[in-house]
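Pasted below: work03.cif, mmCIF, C-alpha atoms.
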data_data
loop_
_atom_site.label_atom_id
_atom_site.label_comp_id
_atom_site.auth_asym_id
_atom_site.auth_seq_id
_atom_site.Cartn_x
_atom_site.Cartn_y
_atom_site.Cartn_z
CA MET L 1 -29.09 -11.60 35.84
CA ILE L 2 -29.06 -13.87 32.80
CA THR L 3 -31.03 -17.11 33.22
CA LEU L 4 -29.66 -20.54 32.38
CA GLU L 5 -32.12 -20.85 29.47
CA LEU L 6 -31.04 -17.53 27.99
CA ALA L 7 -27.41 -18.41 28.49
CA LYS L 8 -27.88 -21.64 26.56
CA GLU L 9 -29.76 -19.84 23.80
CA ALA L 10 -26.96 -17.31 23.52
CA GLY L 11 -24.34 -20.05 23.51
CA VAL L 12 -22.69 -18.75 26.70
CA SER L 13 -21.35 -21.46 28.99
CA ASN L 14 -21.58 -21.06 32.73
CA HIS L 15 -17.93 -22.24 32.86
CA VAL L 16 -16.46 -19.54 30.63
CA PRO L 17 -13.39 -18.70 32.75
CA GLU L 18 -12.18 -22.31 32.79
CA ALA L 19 -12.86 -22.78 29.07
CA ALA L 20 -11.08 -19.52 28.28
CA ALA L 21 -8.07 -20.60 30.28
CA GLU L 22 -7.84 -23.84 28.29
CA SER L 23 -8.27 -22.22 24.88
CA PRO L 24 -5.19 -21.10 23.00
CA THR L 25 -4.68 -17.35 22.77
CA LEU L 26 -4.77 -15.98 19.25
CA GLU L 27 -2.32 -13.38 17.97
CA ILE L 28 -4.00 -11.45 15.17
CA SER L 29 -2.56 -8.76 12.94
CA VAL L 30 -4.81 -6.50 10.86
CA LEU L 31 -2.18 -3.78 10.30
CA GLY L 32 -0.85 -5.08 7.03
CA PRO L 33 -2.09 -8.40 5.62
CA LEU L 34 -4.51 -10.27 7.87
CA THR L 35 -2.57 -12.97 9.75
CA ILE L 36 -3.56 -15.18 12.67
CA ARG L 37 -1.25 -17.20 14.90
CA ARG L 38 -2.63 -20.02 17.03
CA GLY L 39 0.31 -21.51 18.85
CA ASP L 40 2.66 -22.79 16.14
CA VAL L 41 -0.02 -22.54 13.44
CA GLU L 42 -0.20 -19.46 11.22
CA LEU L 43 -3.31 -18.67 9.20
CA THR L 44 -3.75 -16.07 6.49
CA ALA L 45 -6.82 -14.52 4.87
CA GLY L 46 -6.96 -17.44 2.42
CA ASP L 47 -7.31 -19.99 5.22
CA LEU L 48 -10.59 -18.69 6.61
CA GLY L 49 -13.08 -20.36 4.29
CA GLY L 50 -13.59 -17.65 1.67
CA PRO L 51 -14.18 -13.87 1.40
CA LYS L 52 -17.43 -13.72 3.40
CA PRO L 53 -16.23 -15.62 6.49
CA ARG L 54 -13.06 -13.51 6.41
CA GLN L 55 -15.16 -10.34 6.30
CA VAL L 56 -17.20 -11.52 9.27
CA LEU L 57 -13.97 -11.88 11.25
CA GLU L 58 -12.75 -8.47 10.08
CA ILE L 59 -16.01 -6.82 11.16
CA LEU L 60 -15.68 -8.34 14.63
CA LEU L 61 -11.99 -7.42 14.92
CA LEU L 62 -12.66 -3.81 13.95
CA ASN L 63 -15.26 -3.78 16.76
CA PHE L 64 -12.84 -5.54 19.09
CA GLY L 65 -14.43 -6.53 22.40
CA SER L 66 -17.83 -5.10 21.45
CA ALA L 67 -20.80 -7.22 20.40
CA VAL L 68 -22.01 -6.81 16.81
CA SER L 69 -25.58 -7.83 16.03
CA LYS L 70 -26.31 -10.38 13.33
CA THR L 71 -28.50 -7.80 11.59
CA ARG L 72 -25.59 -5.35 11.42
CA ILE L 73 -23.21 -7.97 10.09
CA ILE L 74 -25.73 -9.04 7.44
CA ASP L 75 -26.19 -5.42 6.32
CA LEU L 76 -22.43 -4.95 5.97
CA LEU L 77 -21.83 -8.27 4.22
CA TRP L 78 -24.48 -7.74 1.56
CA ASN L 79 -24.57 -3.93 1.53
CA GLY L 80 -28.20 -3.80 2.60
CA ASN L 81 -29.34 -6.17 -0.18
CA HIS L 82 -29.12 -9.53 1.54
CA PRO L 83 -30.63 -12.83 0.34
CA ALA L 84 -33.59 -14.49 2.06
CA VAL L 85 -31.27 -17.10 3.59
CA ALA L 86 -28.86 -14.47 4.98
CA LEU L 87 -29.23 -15.48 8.65
CA PRO L 88 -28.48 -19.22 8.27
CA THR L 89 -25.73 -18.33 5.79
CA LEU L 90 -24.11 -16.01 8.35
CA GLU L 91 -24.33 -18.69 11.02
CA SER L 92 -22.63 -21.15 8.68
CA TYR L 93 -19.82 -18.62 8.10
CA VAL L 94 -19.33 -18.31 11.86
CA SER L 95 -19.16 -22.13 12.15
CA VAL L 96 -16.45 -22.18 9.49
CA LEU L 97 -14.48 -19.50 11.34
CA ARG L 98 -14.71 -21.38 14.61
CA ARG L 99 -13.34 -24.53 13.04
CA ARG L 100 -10.38 -22.54 11.71
CA LEU L 101 -9.73 -20.29 14.71
CA GLN L 102 -10.60 -22.45 17.71
CA PRO L 103 -10.80 -26.10 16.69
CA GLY L 104 -12.29 -28.23 19.46
CA ALA L 105 -13.33 -25.22 21.55
CA GLY L 106 -16.74 -24.69 19.94
CA ARG L 107 -18.45 -21.59 21.28
CA THR L 108 -16.07 -21.26 24.22
CA GLY L 109 -13.16 -19.92 22.15
CA PRO L 110 -12.33 -16.32 21.28
CA LEU L 111 -15.24 -15.97 18.81
CA ARG L 112 -18.24 -15.88 21.15
CA THR L 113 -21.99 -15.89 20.58
CA VAL L 114 -23.96 -13.33 22.54
CA THR L 115 -27.66 -12.54 22.46
CA GLY L 116 -28.45 -11.52 18.91
CA GLY L 117 -24.86 -11.37 17.67
CA TYR L 118 -21.16 -12.16 18.04
CA VAL L 119 -18.10 -10.74 19.79
CA ILE L 120 -14.36 -11.36 19.95
CA ASP L 121 -13.29 -12.03 23.54
CA ARG L 122 -10.52 -9.47 24.02
CA THR L 123 -9.03 -11.47 26.94
CA MET L 124 -8.18 -14.30 24.54
CA VAL L 125 -6.82 -12.34 21.57
CA ASP L 126 -3.72 -10.20 21.16
CA LEU L 127 -4.70 -7.72 18.41
CA ASP L 128 -2.11 -5.32 16.99
CA LEU L 129 -4.76 -2.67 16.28
CA GLU L 130 -5.76 -2.69 19.95
CA ARG L 131 -2.11 -2.32 20.99
CA PHE L 132 -1.75 0.67 18.64
CA THR L 133 -4.81 2.31 20.19
CA THR L 134 -3.57 1.69 23.74
CA LEU L 135 -0.11 3.06 23.00
CA THR L 136 -1.43 6.26 21.42
CA GLU L 137 -3.90 6.84 24.27
CA GLN L 138 -1.11 6.44 26.82
CA ALA L 139 1.16 8.76 24.84
CA ALA L 140 -1.46 11.51 24.77
CA VAL L 141 -1.15 11.95 28.56
CA ALA L 142 2.55 11.10 28.97
CA ALA L 143 5.60 13.34 29.34
CA PRO L 144 7.49 14.02 26.07
CA HIS L 145 10.23 11.38 26.53
CA ALA L 146 7.74 8.68 27.48
CA ALA L 147 5.32 9.77 24.76
CA LEU L 148 8.07 9.53 22.16
CA GLU L 149 8.87 5.96 23.20
CA LEU L 150 5.22 4.91 23.15
CA LEU L 151 4.52 6.56 19.80
CA THR L 152 7.63 5.09 18.20
CA GLU L 153 6.32 1.62 19.05
CA ALA L 154 2.80 2.52 17.87
CA LEU L 155 4.00 3.85 14.53
CA GLU L 156 6.15 0.78 13.96
CA LEU L 157 3.00 -1.30 14.39
CA ALA L 158 1.12 0.94 11.95
CA ALA L 159 3.79 0.91 9.25
CA SER L 160 1.34 -0.83 6.89
CA PRO L 161 -2.25 0.20 6.15
CA LEU L 162 -5.20 -1.42 7.87
CA LEU L 163 -5.86 -4.83 6.25
CA GLY L 164 -2.92 -4.33 3.92
CA ASP L 165 -3.51 -4.09 0.19
CA GLU L 166 -6.61 -6.28 0.31
CA LEU L 167 -9.48 -5.21 -1.94
CA LEU L 168 -12.17 -4.22 0.53
CA PRO L 169 -15.89 -3.45 0.50
CA GLY L 170 -17.06 0.09 1.18
CA TRP L 171 -17.45 -0.33 4.95
CA ALA L 172 -13.86 -1.53 5.29
CA GLU L 173 -12.50 1.30 3.14
CA GLU L 174 -14.15 3.74 5.52
CA GLU L 175 -12.50 2.01 8.46
CA ARG L 176 -9.15 2.12 6.66
CA ALA L 177 -9.53 5.87 6.08
CA LEU L 178 -10.43 6.49 9.73
CA HIS L 179 -7.42 4.49 10.86
CA ALA L 180 -5.17 6.48 8.49
CA GLU L 181 -6.39 9.66 10.19
CA ARG L 182 -5.52 8.20 13.60
CA VAL L 183 -2.04 7.30 12.36
CA GLY L 184 -1.63 10.83 11.02
CA ARG L 185 -2.50 12.29 14.43
CA ALA L 186 -0.03 9.90 16.06
CA ARG L 187 2.70 11.04 13.66
CA VAL L 188 2.08 14.69 14.51
CA LEU L 189 2.13 13.97 18.25
CA ALA L 190 5.32 11.94 17.80
CA ALA L 191 6.91 14.81 15.85
CA GLU L 192 5.92 17.32 18.52
CA SER L 193 7.29 15.06 21.27
CA ALA L 194 10.52 14.53 19.35
CA LEU L 195 10.95 18.27 18.88
CA LEU L 196 10.45 18.89 22.60
CA VAL L 197 13.21 16.42 23.54
CA GLY L 198 15.64 17.54 20.86
CA GLU L 199 15.18 14.64 18.41
CA VAL L 200 14.95 17.04 15.47
CA GLY L 201 15.60 14.49 12.74
CA LYS L 202 12.65 12.36 13.88
CA ALA L 203 10.48 15.47 14.17
CA ILE L 204 11.26 16.41 10.55
CA ALA L 205 10.61 12.89 9.26
CA TRP L 206 7.30 12.38 11.07
CA SER L 207 5.87 15.85 10.51
CA GLY L 208 6.90 15.75 6.85
CA ALA L 209 5.12 12.42 6.39
CA ALA L 210 2.01 13.75 8.15
CA ALA L 211 1.96 16.89 5.98
CA ARG L 212 2.32 14.83 2.80
CA GLU L 213 -0.58 12.58 3.75
CA ASP L 214 -2.82 15.44 4.90
CA SER L 215 -1.71 18.69 3.29
CA LEU L 216 -4.29 20.69 5.29
CA ASN L 217 -2.91 19.57 8.67
CA GLU L 218 -1.59 22.86 10.06
CA ARG L 219 -0.15 21.16 13.15
CA ALA L 220 2.01 18.97 10.91
CA TRP L 221 3.24 21.97 8.89
CA THR L 222 3.92 23.93 12.07
CA THR L 223 6.05 21.15 13.56
CA LEU L 224 7.88 20.65 10.25
CA VAL L 225 8.76 24.36 9.93
CA LEU L 226 9.82 24.62 13.59
CA ALA L 227 11.94 21.47 13.33
CA LEU L 228 13.66 22.65 10.15
CA GLU L 229 14.30 26.02 11.79
CA GLN L 230 15.72 24.36 14.91
CA ASN L 231 17.94 22.23 12.66
CA GLY L 232 19.34 25.33 10.95
CA GLU L 233 17.61 24.55 7.64
CA ASN L 234 16.02 27.98 7.31
CA THR L 235 15.71 27.91 3.53
CA GLU L 236 13.93 24.55 3.64
CA ALA L 237 11.72 25.85 6.44
CA LEU L 238 10.68 28.80 4.28
CA ARG L 239 9.94 26.49 1.37
CA ALA L 240 7.78 24.34 3.64
CA PHE L 241 5.90 27.44 4.80
CA ASP L 242 5.42 28.49 1.16
CA ARG L 243 3.85 25.13 0.34
CA CYS L 244 1.61 25.28 3.39
CA ARG L 245 0.48 28.85 2.67
CA ARG L 246 -0.26 28.08 -0.98
CA ILE L 247 -2.24 24.92 -0.17
CA MET L 248 -4.26 26.57 2.58
CA ASP L 249 -5.01 29.55 0.37
CA GLU L 250 -6.11 27.39 -2.57
CA GLU L 251 -8.07 24.82 -0.56
CA LEU L 252 -9.45 26.80 2.38
CA GLY L 253 -9.04 30.45 1.42
CA CYS L 254 -7.11 31.23 4.61
CA ALA L 255 -3.55 31.75 5.79
CA PRO L 256 -1.39 30.01 8.43
CA THR L 257 -1.72 31.37 11.96
CA GLY L 258 -0.15 31.23 15.40
CA LEU L 259 3.25 29.61 15.84
CA LEU L 260 3.58 28.97 12.12
CA LYS L 261 3.17 32.65 11.26
CA GLU L 262 5.59 33.68 14.01
CA ALA L 263 8.18 31.20 12.74
CA HIS L 264 7.82 32.58 9.24
CA ALA L 265 8.54 36.11 10.46
CA ARG L 266 11.74 34.90 12.14
CA LEU L 267 12.80 32.98 9.04
CA LEU L 268 12.31 35.96 6.76
CA THR L 269 14.67 37.96 8.94
CA SER L 270 17.25 35.19 9.32
CA THR L 271 17.57 34.62 5.55
CA ALA L 272 18.45 38.26 4.82
CA PRO L 273 21.98 38.72 3.34
CA SER L 274 24.59 39.23 6.06
CA GLY L 275 26.91 41.49 4.09
CA GLY L 276 24.52 44.40 3.54
CA PRO L 277 24.85 48.03 4.60
CA PRO L 278 24.70 49.20 8.24
CA ALA L 279 21.26 49.01 9.75
CA ARG L 280 19.09 52.05 9.29
CA PRO L 281 17.15 53.50 12.21
CA ALA L 282 13.70 52.12 12.90
CA PRO L 283 11.16 53.36 10.35
CA VAL L 284 9.60 56.75 11.07
CA HIS L 285 6.13 57.13 9.64
CA PRO L 286 5.57 60.64 8.24
CA THR L 287 3.02 62.86 9.91
CA THR L 288 0.92 65.64 8.50
CA GLU L 289 3.20 68.20 10.21
CA ASN L 290 6.24 66.88 8.31
CA HIS L 291 4.29 66.47 5.03
CA PRO L 292 1.44 68.92 4.67
CA ASP L 293 0.33 67.25 1.46
CA ALA L 294 -0.10 63.80 3.06
CA PRO L 295 -3.56 62.29 2.45
CA PRO L 296 -5.90 62.14 5.41
CA ALA L 297 -6.17 58.32 5.31
CA THR L 298 -3.24 56.89 7.31
CA ARG L 299 -2.65 53.41 8.67
CA GLN L 300 -3.49 54.64 12.14
CA GLU L 301 -6.91 55.70 10.83
CA THR L 302 -7.67 52.73 8.59
CA GLY L 303 -5.97 50.00 10.64
CA ARG L 304 -4.52 48.58 7.40
CA LEU L 305 -1.04 48.70 5.87
CA ARG L 306 -1.24 50.95 2.79
CA ILE L 307 0.57 49.60 -0.29
CA LEU L 308 1.61 51.40 -3.48
CA ILE L 309 2.10 49.06 -6.47
CA VAL L 310 4.65 50.01 -9.15
CA ASP L 311 4.52 47.81 -12.25
CA ASP L 312 3.93 48.53 -15.92
CA HIS L 313 1.96 45.30 -16.35
CA THR L 314 -1.54 46.47 -15.48
CA THR L 315 -2.96 42.95 -15.27
CA PHE L 316 -0.41 42.02 -12.62
CA SER L 317 -1.09 45.26 -10.74
CA ASP L 318 -4.84 44.65 -10.79
CA LEU L 319 -4.49 41.08 -9.55
CA LEU L 320 -2.11 42.11 -6.78
CA ALA L 321 -4.36 45.01 -5.75
CA GLY L 322 -7.31 42.61 -5.48
CA ALA L 323 -5.27 40.21 -3.34
CA LEU L 324 -4.15 43.04 -1.06
CA ASP L 325 -7.66 44.36 -0.61
CA ARG L 326 -8.91 40.90 0.43
CA GLU L 327 -6.47 40.86 3.34
CA PRO L 328 -7.89 42.26 6.60
CA ASP L 329 -4.75 44.29 7.42
CA LEU L 330 -3.58 45.36 3.93
CA THR L 331 -4.95 47.68 1.26
CA SER L 332 -3.75 49.05 -2.08
CA VAL L 333 -3.70 52.84 -2.46
CA GLY L 334 -2.65 53.16 -6.09
CA ALA L 335 -0.65 51.77 -9.00
CA ALA L 336 2.19 53.51 -10.85
CA THR L 337 3.62 52.30 -14.14
CA SER L 338 6.90 54.21 -14.54
CA VAL L 339 9.86 55.67 -12.69
CA ASP L 340 8.42 59.20 -12.77
CA SER L 341 4.91 58.20 -11.73
CA ALA L 342 6.28 56.03 -8.90
CA ALA L 343 8.13 58.96 -7.39
CA SER L 344 5.23 61.38 -7.77
CA MET L 345 2.58 58.96 -6.46
CA PHE L 346 4.72 58.12 -3.44
CA ARG L 347 5.04 61.83 -2.70
CA GLU L 348 1.29 62.29 -3.05
CA LEU L 349 -0.03 59.15 -1.31
CA ARG L 350 2.64 58.54 1.38
CA PRO L 351 2.08 54.73 1.44
CA ASP L 352 3.44 52.53 4.22
CA VAL L 353 5.14 50.14 1.76
CA VAL L 354 5.97 50.21 -1.96
CA VAL L 355 6.03 46.96 -3.94
CA MET L 356 7.95 47.61 -7.15
CA ASP L 357 9.02 45.71 -10.26
CA LEU L 358 12.75 45.83 -10.93
CA TYR L 359 12.17 46.50 -14.63
CA LEU L 360 9.86 49.34 -15.69
CA ALA L 361 9.04 50.65 -19.15
CA ASP L 362 11.15 53.80 -18.73
CA GLY L 363 14.02 52.38 -16.69
CA SER L 364 15.01 50.36 -13.64
CA GLY L 365 12.90 50.18 -10.54
CA LEU L 366 16.14 50.88 -8.68
CA ASN L 367 16.08 54.37 -10.15
CA ALA L 368 12.56 54.93 -8.86
CA ALA L 369 13.55 53.53 -5.47
CA GLU L 370 16.57 55.82 -5.33
CA ARG L 371 14.41 58.90 -5.97
CA ILE L 372 11.91 57.85 -3.29
CA LEU L 373 14.61 57.09 -0.72
CA ALA L 374 16.39 60.36 -1.45
CA GLU L 375 13.26 62.21 -0.29
CA THR L 376 12.16 59.72 2.39
CA PRO L 377 15.08 57.56 3.65
CA GLU L 378 12.77 55.59 5.95
CA ALA L 379 10.53 54.47 3.06
CA ARG L 380 9.91 50.74 2.88
CA ILE L 381 10.33 49.28 -0.61
CA VAL L 382 10.01 45.63 -1.65
CA MET L 383 11.42 44.83 -5.08
CA LEU L 384 10.03 42.14 -7.42
CA THR L 385 11.93 40.53 -10.27
CA GLY L 386 11.86 37.58 -12.59
CA ASN L 387 15.49 38.00 -13.69
CA PRO L 388 17.73 39.38 -10.94
CA SER L 389 21.46 39.97 -11.14
CA GLN L 390 24.08 40.05 -8.41
CA GLU L 391 24.66 43.70 -9.25
CA ALA L 392 20.98 44.53 -8.75
CA LEU L 393 20.84 42.71 -5.43
CA ARG L 394 23.99 44.44 -4.25
CA GLU L 395 22.69 47.85 -5.30
CA ALA L 396 19.34 47.20 -3.62
CA ALA L 397 21.10 46.31 -0.35
CA ARG L 398 23.28 49.43 -0.59
CA MET L 399 20.24 51.62 -1.11
CA GLY L 400 18.29 50.21 1.82
CA ILE L 401 15.54 48.36 -0.03
CA CYS L 402 13.70 46.14 2.45
CA GLY L 403 12.97 43.05 0.37
CA PHE L 404 13.80 41.28 -2.87
CA LEU L 405 11.32 38.62 -4.07
CA PRO L 406 10.74 36.60 -7.25
CA LYS L 407 7.81 38.05 -9.19
CA ASP L 408 6.44 34.58 -9.90
CA GLY L 409 6.76 33.45 -6.27
CA ALA L 410 4.01 32.52 -3.84
CA LEU L 411 1.51 35.26 -3.04
CA GLY L 412 1.58 34.35 0.64
CA VAL L 413 5.31 35.05 0.86
CA MET L 414 4.83 38.48 -0.71
CA LEU L 415 2.00 39.37 1.66
CA ASP L 416 3.99 38.35 4.72
CA THR L 417 7.08 40.19 3.48
CA LEU L 418 5.05 43.39 3.08
CA GLN L 419 3.99 43.01 6.72
CA HIS L 420 7.51 42.51 8.07
CA ALA L 421 9.64 44.66 5.77
CA ARG L 422 11.85 47.08 7.73
CA PRO L 423 14.65 49.42 6.58
CA GLY L 424 18.14 48.15 7.29
CA ASN L 425 17.29 44.46 7.13
CA MET L 426 16.75 43.31 3.57
CA ILE L 427 14.57 40.21 3.23
CA VAL L 428 15.55 38.07 0.25
CA HIS L 429 13.60 35.04 -0.94
CA PRO L 430 15.51 31.73 -0.56
CA SER L 431 15.47 31.09 -4.31
CA LEU L 432 17.38 34.34 -4.82
CA VAL L 433 19.69 33.77 -1.86
CA ALA L 434 20.73 30.44 -3.36
CA ARG L 435 21.84 32.22 -6.52
CA LEU L 436 23.87 35.00 -4.88
CA GLY L 437 27.11 33.05 -4.91
CA SER L 438 26.77 31.73 -8.46
CA MET L 439 25.43 34.69 -10.40
CA THR L 440 27.72 36.86 -12.53
CA GLY L 441 28.16 40.52 -11.81
CA SER L 442 26.38 41.77 -14.90
CA ALA L 443 24.06 44.75 -14.57
CA PRO L 444 20.34 44.21 -15.01
CA ASP L 445 19.03 44.46 -18.51
CA SER L 446 16.30 47.08 -18.35
CA ALA L 447 14.76 45.77 -21.53
CA GLY L 448 14.17 42.25 -20.23
CA LYS L 449 11.17 41.07 -18.33
#

Please re-express this file's structure in structure tokens.
Amino acid sequence: MITLELAKEAGVSNHVPEAAAESPTLEISVLGPLTIRRGDVELTAGDLGGPKPRQVLEILLLNFGSAVSKTRIIDLLWNGNHPAVALPTLESYVSVLRRRLQPGAGRTGPLRTVTGGYVIDRTMVDLDLERFTTLTEQAAVAAPHAALELLTEALELAASPLLGDELLPGWAEEERALHAERVGRARVLAAESALLVGEVGKAIAWSGAAAREDSLNERAWTTLVLALEQNGENTEALRAFDRCRRIMDEELGCAPTGLLKEAHARLLTSTAPSGGPPARPAPVHPTTENHPDAPPATRQETGRLRILIVDDHTTFSDLLAGALDREPDLTSVGAATSVDSAASMFRELRPDVVVMDLYLADGSGLNAAERILAETPEARIVMLTGNPSQEALREAARMGICGFLPKDGALGVMLDTLQHARPGNMIVHPSLVARLGSMTGSAPDSAGK
């Protein structure tokens, strides 16, 4: 139990409850510009006696309700290089703050002295940052409808950054960054709650904002893709997945997983052209009894999807082969450069999937595909092109080609398409789908690349 002498030394009155009841409650906002309301009086950062007293208040507010030692405050104020008179200077700053914040209340107002430091009495101050924290904590354990209401209020409070556009010392910039992360998590939770209750527009807006602010936030990307899919915006959902896959590959060297990957598989199927040929039977993988010349290494033995690359640009083939071989469930088995070599290598290697350029040195990739499909109708072929025509797309659909992708598109899209390609359901990249209705019916120019 604290003694009377210690209480006096610490500046703690033995009539605190009565003094607190008489003191005016402060309303303080640190989300956005620092503002303080004391009854009818409004104070701003410029009314607190200068930068250092203001920073003392900010330090205490960011540790709301917890005591901060004088030593810690001095270290933060002077970045570990404080003057010899730092302690009396700090005490003078606190006196200035008390005159501004709690005139006439002395040490019995919201800014309290405790043993060795200072604290803001949370029972006497309404702080918007504290309300944001409370709302998000309540939302984390609430049902979706209630969580959405709580998070909507929290995000309205956090519409501006912590301490606004004020130029801050290093310690405050760190606090601002940490708060931005908390707001990002709140946005994702709000988007997930909105999606669960059918508020798809809010889910798209919040998850999109969270993904823009933290491009490596897979939960934000997942919610954005699912919300766009639920809203019928499948092309936009695929584009969002493309951005996510590219960023994660470049920054982390990994690919999206879980719900995001499952959504992508559905979207690839849903964006296939609806006017194609009748569906082919499910693919039948050749066996050694049907093809005595089949190589001994099959997908069942290797556990990896075996890919034949057909492209007369050897640099592109080499790069693609390297990317395939880095994937745990894919592998390249060879590279052909012409129509003739494509047909012969397919016959020899029996790959699971063929990825083929539309334009080859000795003719169209459609010719090579036609020869392969004539021998093996269940073959899975994905066509690449940088200059498609409506005629080529129509012919590919008639033939039973499984996919049509832009050659300069995202690697992640190609890899996922190779995984999900199936005869009878042609997967076409959104950028090509968008052009189907506007392209002329000219045949592909086999000389162009």

If we count all atoms listed in the file, what is near segment 43-52 of chain L at a cut-off of 9 Å, once residues fewer than 2 positions away on the same chain are taken out, given as a list in words?
Pro33, Leu34, Thr35, Ile36, Arg37, Arg38, Val41, Arg54, Gln55, Val56, Leu57, Leu77, Leu90, Tyr93, Val96, Leu97, Arg100 and Leu101 of chain L

For Val183 of chain L, the closest of L:Thr222, L:Leu157, L:Pro423, L:Leu349 counting only C-alpha atoms is L:Leu157

Show me, as a PyMOL selection string, the residues that have an atom within 7 Å of segment 63-75 of chain L when counting all atoms listed in the file, minus same-chain residues fewer than 4 positions from it.
chain L and resi 59+79-80+82+86+116-122

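Among L:Gly198, L:Gly32, L:Pro161, L:Pro103, the residue with the shortest atom-to-atom distance to Ala180 of chain L, counting all atoms listed in the file, is L:Pro161.
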
Atom CA of Cys402 of chain L to atom CA of Ile247 of chain L, distance in Å rounded to a single decimal:
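Spanning atom CA of Cys402 of chain L to atom CA of Ile247 of chain L is a straight-line distance of 26.7 Å.
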
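Interatomic distance, atom CA of Gly232 of chain L against atom CA of Leu384 of chain L: 26.6 Å.
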
Nearest to Leu216 of chain L among L:Leu360, L:Glu192, L:Arg246, L:Glu391, with distances taken over only C-alpha atoms: which residue is it?
L:Arg246

Measuring between all atoms listed in the file, which one of L:Asn231, L:Thr113, L:Asn81, L:Ser29 shows the shortest distance to Leu129 of chain L?
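Counting all atoms listed in the file, the residue closest to Leu129 of chain L is L:Ser29.
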
Any chance you could work out the residue set of the PyMOL selection byres ((chain L and resi 337) around 8) here, as a ChimeraX atom specification?
/L:310-314,335-336,338-339,341-342,360-361

Got time to write the residues from that selection, C-alpha atoms, as a CSV table (one decimal), keeping the file's coordinate frame?
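New file selection-v6.csv:
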chain,number,residue,atom,x,y,z
L,310,VAL,CA,4.6,50.0,-9.2
L,311,ASP,CA,4.5,47.8,-12.2
L,312,ASP,CA,3.9,48.5,-15.9
L,313,HIS,CA,2.0,45.3,-16.4
L,314,THR,CA,-1.5,46.5,-15.5
L,335,ALA,CA,-0.6,51.8,-9.0
L,336,ALA,CA,2.2,53.5,-10.8
L,338,SER,CA,6.9,54.2,-14.5
L,339,VAL,CA,9.9,55.7,-12.7
L,341,SER,CA,4.9,58.2,-11.7
L,342,ALA,CA,6.3,56.0,-8.9
L,360,LEU,CA,9.9,49.3,-15.7
L,361,ALA,CA,9.0,50.6,-19.2

If the PyMOL selection byres ((chain L and resi 420) around 12) were run on this exact file, what residues would it hold? Put them as a PyMOL selection string.
chain L and resi 261-262+264-269+283+305+352-353+380-382+402-403+413-419+421-423+425-427

Atom pair atom CA of Asp40 of chain L / atom CA of Ala154 of chain L: separation (Å)
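Computing the Euclidean distance for atom CA of Asp40 of chain L and atom CA of Ala154 of chain L yields 25.4 Å.
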
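The nearest approach to Leu196 of chain L among the residues L:Ala146, L:Cys244, L:Leu366, L:Leu238, with all atoms listed in the file taken into account, belongs to L:Ala146.
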
Taking the file as shown, what set of residues would the PyMOL selection byres ((chain L and resi 152) around 10) give back, as a PyMOL selection string?
chain L and resi 135-136+139+146-151+153-158+186-187+190+194+202

Hey, can I get the axis-aligned box for segment 367-370 of chain L? All listed atoms, 6 Å padding on each side, centre and edge lengths in Å to one decimal, as JSON.
{"center_x": 14.6, "center_y": 54.7, "center_z": -7.7, "size_x": 16.0, "size_y": 14.3, "size_z": 16.8}
